[in-house]
Amino acid sequence: MTTISARQNPSPPPAEAAAPGGLDSLAPVSRPTVQDVVYAQLRGSLIQGAIDAGQTLKIRDLAGRLSVSTMPVREALARLVSEGALEALPNRTVRVRPLTRARLDDLERARRLIEGELLAFALPRIAADAAALDRLARLTQAYDELAPPALDASAETADLNHAFHFAIYGAAGSEVLLPIVEALWVQSGPVVRLAAALFPKAEQARATEHHHAIIRAIRAGDAAAARAALGADIGRAFALVRASLPEDA
């Protein structure tokens, strides 16, 4: 009988034996394409309210501003058209969708419904998480501390407002509803832009009153009060814009 020694058939070292489920679970890191970067910038500008409703977007102009070729711009615009934030016109140009009363009503209704659901899902998780509550309070305080001229500029306040809301919605843990809300915010950007210009100067100190009310309701575990405060926060911007439109809009 021939015996096989340990030298002839060495056992694998412990590190190699433990590899499956360890380092083998790592995946290659993907790099964002130029189209992804262009899309993210355009999408962010829409969410911030940096682009007016009805404004035409020219591919060559955007490509020049972003220092890219026209192809990634064209592809990014097509994605935003498919999401409902932009619309393609017959002459092959693209524009931000105009604001009409019917569109305002539809967007506001969708945001109240879906964001209200996410808030209700997230409330018990945030109420039990002191760090999450503290973050909401800090974001609101940072907004409150901005001087009135910064409120008119809206870029910083838009970022803080977005961070506040999505800190709540992200806590709901819904992979289905969160992208829907993100798409609604992209479509709502022009509403936020116009509402910021219409917001009465005398009331700027109350700009975050509904955020404070949401935080109080979360601390109290009161889902109904939280939904009401969120609805009032969403509805204020839409009401300002709706009142500014002509009756036949």
# chains A, B, ... in the order shown; residues from 1 in each chain; ligands from 1
>>> residues_around(residues="A:Arg216", least_positions_apart="3", cutoff="10 Å", atoms="only C-alpha atoms", output="list in words")
Leu133, Ala137, His210, His211, His212, Ala213, Arg219, Ala220, Gly221, Asp222, Ala225, Ala226 and Ala229 of chain A
>>> write_last_selection(atoms="N, CA and C atoms", output="mmCIF file, in the first residue's frame")
data_model
loop_
_atom_site.group_PDB
_atom_site.id
_atom_site.type_symbol
_atom_site.label_atom_id
_atom_site.label_comp_id
_atom_site.auth_asym_id
_atom_site.auth_seq_id
_atom_site.Cartn_x
_atom_site.Cartn_y
_atom_site.Cartn_z
ATOM 1 N N LEU A 133 -32.859 61.606 15.027
ATOM 2 C CA LEU A 133 -33.594 62.789 15.455
ATOM 3 C C LEU A 133 -32.683 64.005 15.551
ATOM 4 N N ALA A 137 -32.844 67.688 13.561
ATOM 5 C CA ALA A 137 -32.810 68.963 14.287
ATOM 6 C C ALA A 137 -31.663 69.846 13.794
ATOM 7 N N HIS A 210 -42.864 74.013 9.555
ATOM 8 C CA HIS A 210 -43.417 72.672 9.365
ATOM 9 C C HIS A 210 -42.364 71.594 9.641
ATOM 10 N N HIS A 211 -41.098 71.895 9.389
ATOM 11 C CA HIS A 211 -40.035 70.945 9.740
ATOM 12 C C HIS A 211 -39.982 70.748 11.250
ATOM 13 N N HIS A 212 -40.083 71.855 11.988
ATOM 14 C CA HIS A 212 -40.110 71.755 13.451
ATOM 15 C C HIS A 212 -41.315 70.940 13.918
ATOM 16 N N ALA A 213 -42.445 71.142 13.260
ATOM 17 C CA ALA A 213 -43.654 70.409 13.640
ATOM 18 C C ALA A 213 -43.500 68.917 13.348
ATOM 19 N N ARG A 219 -41.066 62.818 17.610
ATOM 20 C CA ARG A 219 -40.676 62.590 19.014
ATOM 21 C C ARG A 219 -41.859 62.053 19.828
ATOM 22 N N ALA A 220 -43.048 62.550 19.507
ATOM 23 C CA ALA A 220 -44.244 62.134 20.239
ATOM 24 C C ALA A 220 -44.835 60.831 19.706
ATOM 25 N N GLY A 221 -44.286 60.337 18.591
ATOM 26 C CA GLY A 221 -44.833 59.125 17.992
ATOM 27 C C GLY A 221 -46.201 59.324 17.389
ATOM 28 N N ASP A 222 -46.515 60.563 16.992
ATOM 29 C CA ASP A 222 -47.839 60.910 16.472
ATOM 30 C C ASP A 222 -47.795 60.930 14.945
ATOM 31 N N ALA A 225 -50.161 63.635 13.218
ATOM 32 C CA ALA A 225 -49.638 65.002 13.278
ATOM 33 C C ALA A 225 -48.454 65.177 12.334
ATOM 34 N N ALA A 226 -47.630 64.150 12.233
ATOM 35 C CA ALA A 226 -46.472 64.219 11.333
ATOM 36 C C ALA A 226 -46.936 64.330 9.885
ATOM 37 N N ALA A 229 -48.281 67.864 9.227
ATOM 38 C CA ALA A 229 -47.212 68.849 9.090
ATOM 39 C C ALA A 229 -46.501 68.710 7.746
#
>>> select_by_dssp(residues="stretch 13-245 of chain A", states="strand (DSSP E)", output="VMD selection string")
chain A and resid 56 to 57 86 to 88 94 to 96
>>> residues_around(residues="A:Arg236", least_positions_apart="2", cutoff="12 Å", atoms="only C-alpha atoms", output="list of chain:residue names")
A:Leu104, A:Glu108, A:Arg112, A:Val191, A:Val192, A:Leu194, A:Ala195, A:Ala196, A:Leu198, A:Phe199, A:Pro200, A:Arg206, A:Ala207, A:Thr208, A:Glu209, A:His210, A:Ala229, A:Leu230, A:Gly231, A:Ala232, A:Asp233, A:Ile234, A:Phe238, A:Ala239, A:Leu240, A:Val241, A:Arg242, A:Ala243
>>> closest_residue(among="A:Ala40, A:Ala172, A:Pro32, A:Pro90", to="A:Leu66", atoms="only C-alpha atoms")
A:Ala40
>>> select_by_dssp(residues="stretch 22-176 of chain A", states="helix (DSSP H, G or I)", output="ChimeraX atom specification")
/A:23-25,34-47,59-66,70-82,101-127,130-144,148-153,155-171
>>> residues_around(residues="A:Arg79", least_positions_apart="5", cutoff="12 Å", atoms="only C-alpha atoms", output="PDB file with C-alpha atoms, in the first residue's frame")
ATOM      1  CA  GLN A  35     -23.481  60.211 -19.091  1.00  0.00           C
ATOM      2  CA  ASP A  36     -24.038  59.353 -15.403  1.00  0.00           C
ATOM      3  CA  VAL A  38     -24.073  64.710 -16.752  1.00  0.00           C
ATOM      4  CA  TYR A  39     -27.388  63.162 -15.717  1.00  0.00           C
ATOM      5  CA  ALA A  40     -26.598  63.666 -12.019  1.00  0.00           C
ATOM      6  CA  LEU A  42     -28.832  68.086 -14.588  1.00  0.00           C
ATOM      7  CA  ARG A  43     -31.013  66.144 -12.176  1.00  0.00           C
ATOM      8  CA  PRO A  72     -23.854  62.069 -23.068  1.00  0.00           C
ATOM      9  CA  VAL A  73     -25.974  65.220 -22.834  1.00  0.00           C
ATOM     10  CA  ARG A  74     -28.484  63.816 -25.318  1.00  0.00           C
ATOM     11  CA  GLY A  84     -41.329  63.102 -16.667  1.00  0.00           C
ATOM     12  CA  ALA A  85     -39.073  65.989 -15.599  1.00  0.00           C
ATOM     13  CA  LEU A  86     -38.532  67.214 -19.165  1.00  0.00           C
ATOM     14  CA  GLU A  87     -40.551  66.987 -22.345  1.00  0.00           C
ATOM     15  CA  ALA A  88     -39.408  66.494 -25.923  1.00  0.00           C
ATOM     16  CA  VAL A  94     -36.171  69.584 -24.908  1.00  0.00           C
ATOM     17  CA  ALA A 183     -38.579  61.348  -9.462  1.00  0.00           C
ATOM     18  CA  VAL A 186     -37.071  66.227  -9.901  1.00  0.00           C
TER      19      VAL A 186
END
>>> residues_around(residues="A:Ala167", least_positions_apart="4", cutoff="12 Å", atoms="only C-alpha atoms", output="compact mmCIF listing (two decimals) with C-alpha atoms, in the first residue's frame")
# COMPACT_ATOMS: atom_id res chain seq x y z
CA LEU A 118 -42.82 56.95 3.74
CA LEU A 119 -43.01 59.24 6.75
CA ALA A 122 -40.05 55.81 9.00
CA LEU A 123 -41.57 57.41 12.12
CA ARG A 125 -37.56 53.93 13.43
CA ILE A 126 -36.53 57.57 13.73
CA ALA A 131 -28.89 60.16 16.27
CA ALA A 132 -31.50 60.31 13.49
CA LEU A 133 -33.59 62.79 15.46
CA ASP A 134 -30.53 64.88 16.19
CA ARG A 135 -29.66 65.00 12.50
CA LEU A 136 -33.12 66.30 11.61
CA ALA A 137 -32.81 68.96 14.29
CA ARG A 138 -29.35 70.01 13.07
CA LEU A 139 -30.48 70.28 9.44
CA THR A 140 -33.43 72.43 10.48
CA ASP A 159 -29.87 71.22 -0.33
CA LEU A 160 -30.81 71.44 3.35
CA ASN A 161 -34.49 70.93 2.59
CA HIS A 162 -33.70 67.90 0.42
CA ALA A 163 -31.40 66.44 3.09
CA ALA A 171 -35.28 55.62 7.12
CA ALA A 172 -38.45 53.96 5.81
CA GLY A 173 -36.30 51.36 4.06
CA LEU A 178 -37.92 56.02 -2.54
CA ILE A 215 -39.78 66.68 14.41
>>> closest_residue(among="A:Ile114, A:Ala63, A:Leu245, A:Ala142", to="A:Trp185", atoms="only C-alpha atoms")
A:Ile114
>>> atom_distance(atom1="atom CA of A:Arg193", atom2="atom CA of A:Ser45")
10.6 Å
>>> closest_residue(among="A:Gln41, A:Phe121, A:Ser188, A:Ala223", to="A:Asp105", atoms="only C-alpha atoms")
A:Ser188
>>> closest_residue(among="A:Ile59, A:Leu113, A:Ser67, A:Gln187", to="A:Val81", atoms="only C-alpha atoms")
A:Gln187
>>> atom_distance(atom1="atom CA of A:Leu57", atom2="atom CA of A:Phe166")
27.7 Å
>>> closest_residue(among="A:Ala155, A:Val34, A:Ile168, A:Ala228", to="A:Thr70", atoms="only C-alpha atoms")
A:Val34
>>> closest_residue(among="A:Leu184, A:Leu46, A:Glu75, A:Ala224", to="A:Asp106", atoms="only C-alpha atoms")
A:Leu184
